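The data block below is coords29.pdb; it holds PDB, C-alpha atoms.
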ATOM      1  CA  MET A 142    -167.204  77.119-173.549  1.00  0.00           C
ATOM      2  CA  PHE A 143    -170.037  77.518-171.040  1.00  0.00           C
ATOM      3  CA  TRP A 144    -171.516  74.123-171.933  1.00  0.00           C
ATOM      4  CA  PHE A 145    -168.146  72.437-171.619  1.00  0.00           C
ATOM      5  CA  LEU A 146    -167.648  73.831-168.096  1.00  0.00           C
ATOM      6  CA  LEU A 147    -171.196  72.870-167.112  1.00  0.00           C
ATOM      7  CA  ILE A 148    -170.723  69.280-168.309  1.00  0.00           C
ATOM      8  CA  ALA A 149    -167.328  69.072-166.587  1.00  0.00           C
ATOM      9  CA  LEU A 150    -168.910  70.312-163.344  1.00  0.00           C
ATOM     10  CA  VAL A 151    -171.682  67.701-163.569  1.00  0.00           C
ATOM     11  CA  VAL A 152    -169.105  64.944-164.176  1.00  0.00           C
ATOM     12  CA  VAL A 153    -166.983  66.061-161.196  1.00  0.00           C
ATOM     13  CA  VAL A 154    -170.013  66.265-158.887  1.00  0.00           C
ATOM     14  CA  ALA A 155    -171.159  62.805-160.002  1.00  0.00           C
ATOM     15  CA  ALA A 156    -167.676  61.340-159.425  1.00  0.00           C
ATOM     16  CA  VAL A 157    -167.416  62.849-155.962  1.00  0.00           C
ATOM     17  CA  THR A 158    -170.918  61.627-155.089  1.00  0.00           C
ATOM     18  CA  LEU A 159    -170.077  58.077-156.191  1.00  0.00           C
ATOM     19  CA  ALA A 160    -166.817  58.165-154.245  1.00  0.00           C
ATOM     20  CA  VAL A 161    -168.560  59.335-151.074  1.00  0.00           C
ATOM     21  CA  VAL A 162    -171.561  57.016-151.310  1.00  0.00           C
ATOM     22  CA  GLY A 163    -169.512  54.021-152.375  1.00  0.00           C
ATOM     23  CA  GLY A 164    -169.709  51.579-155.186  1.00  0.00           C
ATOM     24  CA  GLY A 165    -173.065  50.104-154.272  1.00  0.00           C
ATOM     25  CA  ALA A 166    -172.953  46.622-152.729  1.00  0.00           C
ATOM     26  CA  GLU A 167    -169.163  46.609-152.544  1.00  0.00           C
ATOM     27  CA  ALA A 168    -167.892  49.028-149.942  1.00  0.00           C
ATOM     28  CA  VAL A 169    -164.811  50.970-150.922  1.00  0.00           C
ATOM     29  CA  LEU A 170    -163.462  51.089-147.361  1.00  0.00           C
ATOM     30  CA  PRO A 171    -164.044  48.555-144.586  1.00  0.00           C
ATOM     31  CA  GLU A 172    -166.006  49.655-141.557  1.00  0.00           C
ATOM     32  CA  ALA A 173    -163.737  51.243-138.967  1.00  0.00           C
ATOM     33  CA  GLU A 174    -163.882  50.018-135.404  1.00  0.00           C
ATOM     34  CA  PRO A 175    -164.539  52.717-132.829  1.00  0.00           C
ATOM     35  CA  ASP A 176    -161.575  53.868-130.770  1.00  0.00           C
ATOM     36  CA  ARG A 177    -161.298  52.524-127.253  1.00  0.00           C
ATOM     37  CA  VAL A 178    -158.756  53.005-124.493  1.00  0.00           C
ATOM     38  CA  ALA A 179    -155.961  50.567-125.374  1.00  0.00           C
ATOM     39  CA  ASP A 180    -154.142  50.684-122.051  1.00  0.00           C
ATOM     40  CA  ALA A 181    -156.813  51.356-119.477  1.00  0.00           C
ATOM     41  CA  LEU A 182    -156.022  51.972-115.850  1.00  0.00           C
ATOM     42  CA  PRO A 183    -154.779  48.803-114.115  1.00  0.00           C
ATOM     43  CA  GLU A 184    -157.396  46.776-112.252  1.00  0.00           C
ATOM     44  CA  SER A 185    -154.926  44.662-110.251  1.00  0.00           C
ATOM     45  CA  ARG A 186    -153.149  47.490-108.403  1.00  0.00           C
ATOM     46  CA  PRO A 187    -153.674  51.093-107.335  1.00  0.00           C
ATOM     47  CA  VAL A 188    -153.241  53.794-109.947  1.00  0.00           C
ATOM     48  CA  VAL A 189    -149.908  55.632-109.881  1.00  0.00           C
ATOM     49  CA  GLY A 190    -148.798  58.839-111.547  1.00  0.00           C
ATOM     50  CA  ALA A 191    -147.098  56.995-114.406  1.00  0.00           C
ATOM     51  CA  ASP A 192    -150.424  55.343-115.284  1.00  0.00           C
ATOM     52  CA  ILE A 193    -152.053  58.759-115.640  1.00  0.00           C
ATOM     53  CA  ASP A 194    -149.128  60.069-117.711  1.00  0.00           C
ATOM     54  CA  ALA A 195    -149.347  57.075-120.069  1.00  0.00           C
ATOM     55  CA  LEU A 196    -153.136  57.225-120.411  1.00  0.00           C
ATOM     56  CA  ARG A 197    -154.352  58.369-123.820  1.00  0.00           C
ATOM     57  CA  LEU A 198    -158.076  58.761-124.314  1.00  0.00           C
ATOM     58  CA  PRO A 199    -159.522  58.057-127.767  1.00  0.00           C
ATOM     59  CA  VAL A 200    -160.626  61.021-129.823  1.00  0.00           C
ATOM     60  CA  ALA A 201    -164.155  61.137-131.223  1.00  0.00           C
ATOM     61  CA  PRO A 202    -165.382  63.353-134.067  1.00  0.00           C
ATOM     62  CA  ARG A 203    -166.415  66.124-131.651  1.00  0.00           C
ATOM     63  CA  GLY A 204    -163.701  65.709-129.001  1.00  0.00           C
ATOM     64  CA  TYR A 205    -163.298  62.870-126.526  1.00  0.00           C
ATOM     65  CA  ARG A 206    -165.735  60.029-125.922  1.00  0.00           C
ATOM     66  CA  MET A 207    -167.718  61.054-122.865  1.00  0.00           C
ATOM     67  CA  SER A 208    -168.228  57.491-121.638  1.00  0.00           C
ATOM     68  CA  GLU A 209    -164.476  56.763-121.711  1.00  0.00           C
ATOM     69  CA  VAL A 210    -163.627  59.989-119.884  1.00  0.00           C
ATOM     70  CA  ASP A 211    -166.392  59.354-117.311  1.00  0.00           C
ATOM     71  CA  ASP A 212    -165.033  55.845-116.647  1.00  0.00           C
ATOM     72  CA  VAL A 213    -161.508  57.157-116.080  1.00  0.00           C
ATOM     73  CA  LEU A 214    -162.699  59.992-113.835  1.00  0.00           C
ATOM     74  CA  ASP A 215    -164.889  57.617-111.786  1.00  0.00           C
ATOM     75  CA  ARG A 216    -161.939  55.276-111.278  1.00  0.00           C
ATOM     76  CA  LEU A 217    -159.647  58.121-110.246  1.00  0.00           C
ATOM     77  CA  ALA A 218    -162.271  59.499-107.835  1.00  0.00           C
ATOM     78  CA  ALA A 219    -162.624  56.078-106.200  1.00  0.00           C
ATOM     79  CA  GLU A 220    -158.846  55.715-105.875  1.00  0.00           C
ATOM     80  CA  LEU A 221    -158.515  59.177-104.333  1.00  0.00           C
ATOM     81  CA  ALA A 222    -161.382  58.540-101.896  1.00  0.00           C
ATOM     82  CA  GLU A 223    -159.745  55.273-100.828  1.00  0.00           C
ATOM     83  CA  ARG A 224    -156.391  56.974-100.293  1.00  0.00           C
ATOM     84  CA  ASP A 225    -157.993  59.843 -98.361  1.00  0.00           C
ATOM     85  CA  ALA A 226    -159.745  57.339 -96.085  1.00  0.00           C
ATOM     86  CA  ARG A 227    -156.453  55.490 -95.504  1.00  0.00           C
ATOM     87  CA  ILE A 228    -154.636  58.746 -94.700  1.00  0.00           C
ATOM     88  CA  ALA A 229    -157.382  59.738 -92.248  1.00  0.00           C
ATOM     89  CA  GLU A 230    -157.196  56.291 -90.632  1.00  0.00           C
ATOM     90  CA  LEU A 231    -153.410  56.481 -90.214  1.00  0.00           C
ATOM     91  CA  THR A 232    -153.591  60.048 -88.905  1.00  0.00           C
ATOM     92  CA  ALA A 233    -156.190  59.045 -86.309  1.00  0.00           C
ATOM     93  CA  ALA A 234    -154.119  56.022 -85.259  1.00  0.00           C
ATOM     94  CA  ARG A 235    -151.031  58.205 -84.879  1.00  0.00           C
ATOM     95  CA  ALA A 236    -152.921  60.760 -82.790  1.00  0.00           C
ATOM     96  CA  GLN A 237    -154.208  58.006 -80.482  1.00  0.00           C
ATOM     97  CA  ALA A 238    -150.757  56.472 -79.919  1.00  0.00           C
ATOM     98  CA  PRO A 239    -149.453  57.054 -76.377  1.00  0.00           C
ATOM     99  CA  ALA A 240    -146.940  59.866 -76.047  1.00  0.00           C
ATOM    100  CA  ASP A 241    -144.520  57.743 -73.999  1.00  0.00           C
ATOM    101  CA  ARG A 242    -143.922  55.463 -76.991  1.00  0.00           C
ATOM    102  CA  ALA A 243    -142.663  58.390 -79.041  1.00  0.00           C
ATOM    103  CA  VAL A 244    -138.903  58.440 -79.469  1.00  0.00           C
ATOM    104  CA  ASP A 245    -137.114  61.638 -78.553  1.00  0.00           C
ATOM    105  CA  LEU A 246    -134.372  62.039 -81.137  1.00  0.00           C
ATOM    106  CA  THR A 247    -132.868  65.064 -79.417  1.00  0.00           C
ATOM    107  CA  LYS A 248    -131.769  63.112 -76.307  1.00  0.00           C
ATOM    108  CA  ASP A 249    -128.220  61.833 -76.233  1.00  0.00           C
ATOM    109  CA  GLU A 250    -128.270  58.271 -74.920  1.00  0.00           C
ATOM    110  CA  ARG A 251    -124.914  57.305 -73.347  1.00  0.00           C
TER
END
As structure tokens, the full file:
Amino acid sequence: MFWFLLIALVVVVAAVTLAVVGGGAEAVLPEAEPDRVADALPESRPVVGADIDALRLPVAPRGYRMSEVDDVLDRLAAELAERDARIAELTAARAQAPADRAVDLTKDER
């Protein structure tokens, strides 16, 4: 009985090894293409919240692909810096506007 189990174990190990290594010159499975971001952030317009909600980063064997995540974070940082600069520009322009041009909504004009 011992010899039968030993031979069966050797056969199973050999079969698993052949399945993992492949059939020699003929590959059992085709080479898989690496995952990439299918719907990246739009280049033609500013990023909106819906773009971030729809974004799905590809998963790598040990988590996410660092290069893909770095690209997305760099793009978002640039967008936020641009928006912050525009907000600061508009705030400065509003502060410099003459006070007499401001409309008083509390006055009743009759």
When distances are computed from all atoms listed in the file, which of A:Ala229, A:Ala234, A:Ala181, A:Ala191 shows the smallest separation from Arg216 of chain A?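 Closest to Arg216 of chain A of all the choices is A:Ala181.
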Run the PyMOL selection byres ((chain A and resi 195-197) around 8) against the file shown and list the residues it catches, as JSON, numbers by chain. {"A": [178, 180, 181, 182, 191, 192, 193, 194, 198, 199]}
In Å to one decimal, how far is atom CA of Asp212 of chain A from atom CA of Ile228 of chain A? 24.5 Å
Measuring between all atoms listed in the file, which one of A:Ala226, A:Ala149, A:Val154, A:Glu220 shows the shortest distance to Glu184 of chain A? A:Glu220
Tell me, in Å to one decimal, how far atom CA of Ala218 of chain A is from atom CA of Pro187 of chain A.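 Separation of atom CA of Ala218 of chain A and atom CA of Pro187 of chain A: 12.0 Å.
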Just how far from atom CA of Arg203 of chain A is atom CA of Gly190 of chain A, in Å to one decimal?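 Between these atoms lies a distance of 27.7 Å.
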Box for segment 188-199 of chain A - axis-aligned, 6 Å on each of the six sides, all listed atoms - centre and size in Å to one decimal, as JSON.
{"center_x": -153.3, "center_y": 56.9, "center_z": -118.8, "size_x": 24.4, "size_y": 18.3, "size_z": 29.9}
